Amino acid sequence: MAQSQPGRRQRILVLNPNSSTSMTEGMVNAAQQLSLQDSIEIRGYTAPSPAPASINEQHDIDSSTAVVLEDETLKKELNSGRYDAVLVACFSVHPLVSQLCTYEGLAVTGILEASITTALSLNPSPLHNEKWGIVTTGKFWEDHLGSGVKGFFGQDIKSENDRFAGVYSTGLNASDFHTVPPEQVQARLQDAARKLFSSGNVSCVVMGCGGMAGLEDTIRKTAVKEYGKAGEQVYIIDGVKAGILQLEQTIRSRKAFR
């Protein structure tokens, strides 16, 4: 059970359910760039082998869930109250978000869920039919995330959502963002972002992969190219940063409202 002790820093665990340590390091570094309260401490976790090195399909989601849930060291740490919150850092409808909520007193969210709520909070009442959308990695994620967004709102997957512009993929895997030549990554990301911006009046872009951390400038340049000066006002959401900010607020809210 996570019980805060007076004077102890609040610990948030960035849980990477794949086995790529470089991806974990990149996400933790992104989180640490935020202006957080001094009382917040960020830690990272990388799933052990045989978790997949990159989560690219449903089988990878399922196998990564099993590996993390069987990690005895992690179980002991979560049961001991070492952490106040966990961010499941895989941009997917990941079972770990609900599974880890079984630990008493532990605040949990995923980077998909945090990104959705952040996108809505940044544009709560659009005046000019503004939309938000997602740029992601492979083709699998277009249907998976599109259905996941509608599921988050309790919508039927066949129903329309006038404020959601959809999901546009780069054709890359998550691990490619650390191994493929930067110019190729940028070209693929620019193409996906251009398609998103061409779909309507998009005021907010969610980066649909934890491995995209640090690529905001590529999306920004595409926004300016498509929308002119107005592109400078487009919000670009890093799911890891959104998740950390949300969990920080959740920790405070639990103290304030209970």
# chains A, B, ... in the order shown; residues from 1 in each chain; ligands from 1
call {"tool": "residues_around", "arguments": {"residues": "Ser22 (chain A)", "least_positions_apart": "6", "cutoff": "10 Å", "atoms": "only C-alpha atoms", "output": "PyMOL selection string"}}
result
chain A and resi 28+46+175+178+211
call {"tool": "write_last_selection", "arguments": {"atoms": "C-alpha atoms", "output": "PDB file, in the first residue's frame"}}
result
ATOM      1  CA  VAL A  28      12.485   9.218 -18.095  1.00  0.00           C
ATOM      2  CA  THR A  46      12.139  -1.736 -18.011  1.00  0.00           C
ATOM      3  CA  SER A 175      12.323   0.785 -31.695  1.00  0.00           C
ATOM      4  CA  HIS A 178      16.250   4.921 -31.858  1.00  0.00           C
ATOM      5  CA  GLY A 211       9.724   6.549 -28.440  1.00  0.00           C
TER       6      GLY A 211
END
call {"tool": "closest_residue", "arguments": {"among": "A:Val86, A:Val224, A:Pro17, A:Cys204", "to": "Glu70 (chain A)", "atoms": "only C-alpha atoms"}}
result
A:Pro17
call {"tool": "residues_around", "arguments": {"residues": "Ser20 (chain A)", "least_positions_apart": "4", "cutoff": "12 Å", "atoms": "only C-alpha atoms", "output": "VMD selection string"}}
result
chain A and resid 15 to 16 24 to 27 44 to 55 64 89 to 90 174 to 179 210 to 211
call {"tool": "closest_residue", "arguments": {"among": "A:Leu247, A:Ala193, A:Val93, A:Val67", "to": "Ile134 (chain A)", "atoms": "only C-alpha atoms"}}
result
A:Ala193
call {"tool": "residues_around", "arguments": {"residues": "Ala213 (chain A)", "least_positions_apart": "3", "cutoff": "10 Å", "atoms": "only C-alpha atoms", "output": "compact mmCIF listing (two decimals) with C-alpha atoms, in the first residue's frame"}}
result
# COMPACT_ATOMS: atom_id res chain seq x y z
CA MET A 23 13.47 3.69 -24.66
CA GLY A 26 14.46 8.46 -23.23
CA MET A 27 11.06 8.57 -21.56
CA VAL A 28 12.48 9.22 -18.10
CA ASN A 29 14.64 12.01 -19.51
CA ALA A 30 11.57 13.56 -21.13
CA ALA A 31 9.68 13.39 -17.83
CA PHE A 177 12.94 5.84 -33.51
CA MET A 207 2.52 11.73 -30.28
CA GLY A 208 1.30 8.14 -30.18
CA CYS A 209 4.48 6.40 -29.09
CA GLY A 210 6.76 6.82 -26.08
CA GLU A 216 8.06 17.73 -31.27
CA ILE A 237 1.41 16.35 -26.56
CA ASP A 238 4.08 13.97 -25.32
CA GLY A 239 2.16 11.17 -23.59
CA VAL A 240 4.86 10.57 -21.00
CA LYS A 241 4.89 14.21 -19.93
call {"tool": "closest_residue", "arguments": {"among": "A:Val14, A:Leu69, A:Leu78, A:Ala192", "to": "Gly110 (chain A)", "atoms": "only C-alpha atoms"}}
result
A:Val14
call {"tool": "closest_residue", "arguments": {"among": "A:Gly228, A:Ser253, A:Ile244, A:Thr118", "to": "Gln32 (chain A)", "atoms": "only C-alpha atoms"}}
result
A:Ile244
call {"tool": "select_by_dssp", "arguments": {"residues": "region 112-188 of chain A", "states": "strand (DSSP E or B)", "output": "ChimeraX atom specification"}}
result
/A:131-136,164-169
call {"tool": "write_last_selection", "arguments": {"atoms": "N, CA and C atoms", "output": "tab-separated table (two decimals), in the first residue's frame"}}
result
chain	number	residue	atom	x	y	z
A	131	LYS	N	-10.09	20.06	-33.95
A	131	LYS	CA	-10.00	18.65	-33.62
A	131	LYS	C	-8.64	18.32	-33.04
A	132	TRP	N	-8.54	17.14	-32.49
A	132	TRP	CA	-7.24	16.62	-32.07
A	132	TRP	C	-7.05	15.25	-32.71
A	133	GLY	N	-5.79	14.85	-32.90
A	133	GLY	CA	-5.53	13.56	-33.52
A	133	GLY	C	-4.21	12.98	-33.05
A	134	ILE	N	-3.92	11.80	-33.55
A	134	ILE	CA	-2.74	11.05	-33.10
A	134	ILE	C	-1.86	10.71	-34.30
A	135	VAL	N	-0.54	10.90	-34.14
A	135	VAL	CA	0.43	10.33	-35.08
A	135	VAL	C	1.15	9.22	-34.34
A	136	THR	N	1.29	8.07	-35.01
A	136	THR	CA	1.81	6.90	-34.32
A	136	THR	C	2.79	6.14	-35.21
A	164	PHE	N	-12.49	14.15	-32.82
A	164	PHE	CA	-11.31	13.31	-33.00
A	164	PHE	C	-11.02	13.14	-34.48
A	165	ALA	N	-9.83	13.60	-34.90
A	165	ALA	CA	-9.48	13.59	-36.33
A	165	ALA	C	-8.94	12.24	-36.79
A	166	GLY	N	-8.63	11.35	-35.86
A	166	GLY	CA	-8.16	10.03	-36.24
A	166	GLY	C	-6.71	9.77	-35.92
A	167	VAL	N	-6.22	8.62	-36.41
A	167	VAL	CA	-4.87	8.14	-36.13
A	167	VAL	C	-4.13	7.97	-37.45
A	168	TYR	N	-2.93	8.51	-37.53
A	168	TYR	CA	-2.13	8.45	-38.75
A	168	TYR	C	-0.76	7.86	-38.43
A	169	SER	N	-0.37	6.85	-39.19
A	169	SER	CA	0.85	6.10	-38.85
A	169	SER	C	2.03	6.46	-39.75
call {"tool": "residues_around", "arguments": {"residues": "region 152-155 of chain A", "least_positions_apart": "3", "cutoff": "12 Å", "atoms": "only C-alpha atoms", "output": "VMD selection string"}}
result
chain A and resid 92 to 93 110 112 to 117 120 145 to 149 158 to 161 163 to 164
call {"tool": "residues_around", "arguments": {"residues": "Gly171 (chain A)", "least_positions_apart": "6", "cutoff": "7 Å", "atoms": "only C-alpha atoms", "output": "list in words"}}
result
Thr137, Gly138 and Lys139 of chain A
call {"tool": "write_last_selection", "arguments": {"atoms": "all heavy atoms", "output": "PDB file, in the first residue's frame"}}
result
ATOM      1  N   THR A 137       3.051   4.894 -34.857  1.00  0.00           N
ATOM      2  CA  THR A 137       4.073   4.111 -35.545  1.00  0.00           C
ATOM      3  C   THR A 137       3.478   3.283 -36.684  1.00  0.00           C
ATOM      4  O   THR A 137       3.217   3.796 -37.750  1.00  0.00           O
ATOM      5  CB  THR A 137       4.823   3.222 -34.530  1.00  0.00           C
ATOM      6  OG1 THR A 137       3.864   2.496 -33.732  1.00  0.00           O
ATOM      7  CG2 THR A 137       5.666   4.081 -33.614  1.00  0.00           C
ATOM      8  N   GLY A 138       3.231   1.964 -36.457  1.00  0.00           N
ATOM      9  CA  GLY A 138       2.790   1.083 -37.523  1.00  0.00           C
ATOM     10  C   GLY A 138       1.297   1.105 -37.802  1.00  0.00           C
ATOM     11  O   GLY A 138       0.500   1.664 -37.045  1.00  0.00           O
ATOM     12  N   LYS A 139       0.915   0.447 -38.897  1.00  0.00           N
ATOM     13  CA  LYS A 139      -0.472   0.416 -39.371  1.00  0.00           C
ATOM     14  C   LYS A 139      -1.423  -0.211 -38.355  1.00  0.00           C
ATOM     15  O   LYS A 139      -2.591   0.195 -38.245  1.00  0.00           O
ATOM     16  CB  LYS A 139      -0.530  -0.357 -40.689  1.00  0.00           C
ATOM     17  CG  LYS A 139      -1.845  -0.237 -41.446  1.00  0.00           C
ATOM     18  CD  LYS A 139      -1.972   1.140 -42.075  1.00  0.00           C
ATOM     19  CE  LYS A 139      -3.230   1.219 -42.933  1.00  0.00           C
ATOM     20  NZ  LYS A 139      -3.425   2.563 -43.514  1.00  0.00           N
TER      21      LYS A 139
END
call {"tool": "atom_distance", "arguments": {"atom1": "CA of Ile42 (chain A)", "atom2": "CA of Ile12 (chain A)"}}
result
5.1 Å
call {"tool": "closest_residue", "arguments": {"among": "A:Gln58, A:Gln10, A:Gln190, A:Asn123", "to": "Arg82 (chain A)", "atoms": "only C-alpha atoms"}}
result
A:Gln10
call {"tool": "select_by_dssp", "arguments": {"residues": "region 49-227 of chain A", "states": "alpha helix (DSSP H)", "output": "VMD selection string"}}
result
chain A and resid 58 to 69 72 to 79 96 to 99 111 to 122 140 to 152 176 to 179 182 to 198 216 to 227
call {"tool": "atom_distance", "arguments": {"atom1": "CA of Glu104 (chain A)", "atom2": "CA of Ala85 (chain A)"}}
result
10.8 Å
call {"tool": "atom_distance", "arguments": {"atom1": "CA of Glu183 (chain A)", "atom2": "CA of Leu215 (chain A)"}}
result
11.6 Å
call {"tool": "closest_residue", "arguments": {"among": "A:Leu100, A:Ile111, A:Leu106, A:Met212", "to": "Gly81 (chain A)", "atoms": "only C-alpha atoms"}}
result
A:Leu106
call {"tool": "decode", "arguments": {"residues": "region 90-120 of chain A", "atoms": "N, CA and C atoms", "output": "compact mmCIF listing (two decimals), in the first residue's frame"}}
result
# COMPACT_ATOMS: atom_id res chain seq x y z
N CYS A 90 3.26 2.70 -22.45
CA CYS A 90 3.07 2.11 -23.77
C CYS A 90 1.81 2.73 -24.33
N PHE A 91 1.92 3.34 -25.50
CA PHE A 91 0.78 4.05 -26.06
C PHE A 91 -0.17 3.04 -26.70
N SER A 92 -1.01 2.47 -25.86
CA SER A 92 -1.94 1.43 -26.30
C SER A 92 -3.04 1.29 -25.27
N VAL A 93 -4.05 0.50 -25.62
CA VAL A 93 -5.04 0.09 -24.63
C VAL A 93 -4.39 -1.07 -23.89
N HIS A 94 -3.59 -0.75 -22.89
CA HIS A 94 -2.73 -1.76 -22.25
C HIS A 94 -3.38 -2.29 -20.98
N PRO A 95 -3.50 -3.62 -20.86
CA PRO A 95 -4.14 -4.22 -19.67
C PRO A 95 -3.48 -3.86 -18.35
N LEU A 96 -2.21 -3.47 -18.37
CA LEU A 96 -1.53 -3.15 -17.12
C LEU A 96 -2.15 -1.95 -16.40
N VAL A 97 -2.80 -1.06 -17.15
CA VAL A 97 -3.41 0.10 -16.51
C VAL A 97 -4.46 -0.36 -15.49
N SER A 98 -5.31 -1.27 -15.90
CA SER A 98 -6.34 -1.77 -14.97
C SER A 98 -5.76 -2.79 -13.99
N GLN A 99 -4.83 -3.60 -14.43
CA GLN A 99 -4.27 -4.64 -13.56
C GLN A 99 -3.52 -4.04 -12.37
N LEU A 100 -2.77 -2.98 -12.60
CA LEU A 100 -1.98 -2.39 -11.52
C LEU A 100 -2.83 -1.57 -10.55
N CYS A 101 -4.05 -1.25 -10.96
CA CYS A 101 -4.95 -0.53 -10.05
C CYS A 101 -5.37 -1.39 -8.85
N THR A 102 -5.05 -2.68 -8.90
CA THR A 102 -5.39 -3.56 -7.78
C THR A 102 -4.48 -3.32 -6.57
N TYR A 103 -3.35 -2.64 -6.77
CA TYR A 103 -2.47 -2.31 -5.65
C TYR A 103 -3.09 -1.14 -4.87
N GLU A 104 -3.38 -1.38 -3.62
CA GLU A 104 -4.10 -0.40 -2.81
C GLU A 104 -3.30 0.90 -2.68
N GLY A 105 -4.00 2.00 -2.94
CA GLY A 105 -3.39 3.32 -2.75
C GLY A 105 -2.50 3.78 -3.88
N LEU A 106 -2.34 2.96 -4.93
CA LEU A 106 -1.45 3.30 -6.03
C LEU A 106 -2.22 4.01 -7.14
N ALA A 107 -1.78 5.21 -7.51
CA ALA A 107 -2.39 5.94 -8.63
C ALA A 107 -1.78 5.41 -9.92
N VAL A 108 -2.63 5.09 -10.88
CA VAL A 108 -2.16 4.48 -12.13
C VAL A 108 -2.87 5.13 -13.32
N THR A 109 -2.11 5.40 -14.37
CA THR A 109 -2.70 5.76 -15.66
C THR A 109 -1.74 5.30 -16.74
N GLY A 110 -2.22 5.34 -17.99
CA GLY A 110 -1.37 5.03 -19.13
C GLY A 110 -1.15 6.27 -19.96
N ILE A 111 -0.17 6.22 -20.85
CA ILE A 111 0.12 7.42 -21.63
C ILE A 111 -0.97 7.69 -22.67
N LEU A 112 -1.70 6.66 -23.10
CA LEU A 112 -2.84 6.90 -23.99
C LEU A 112 -3.93 7.66 -23.25
N GLU A 113 -4.32 7.15 -22.08
CA GLU A 113 -5.40 7.76 -21.31
C GLU A 113 -5.06 9.20 -20.91
N ALA A 114 -3.82 9.40 -20.48
CA ALA A 114 -3.40 10.75 -20.07
C ALA A 114 -3.39 11.71 -21.25
N SER A 115 -3.01 11.22 -22.42
CA SER A 115 -2.98 12.07 -23.61
C SER A 115 -4.38 12.50 -24.04
N ILE A 116 -5.33 11.57 -23.94
CA ILE A 116 -6.71 11.90 -24.31
C ILE A 116 -7.25 13.01 -23.41
N THR A 117 -7.11 12.84 -22.11
CA THR A 117 -7.66 13.84 -21.19
C THR A 117 -6.93 15.17 -21.32
N THR A 118 -5.63 15.12 -21.62
CA THR A 118 -4.88 16.37 -21.81
C THR A 118 -5.33 17.09 -23.08
N ALA A 119 -5.53 16.34 -24.16
CA ALA A 119 -5.99 16.96 -25.41
C ALA A 119 -7.33 17.64 -25.21
N LEU A 120 -8.22 17.01 -24.47
CA LEU A 120 -9.53 17.61 -24.23
C LEU A 120 -9.44 18.84 -23.34
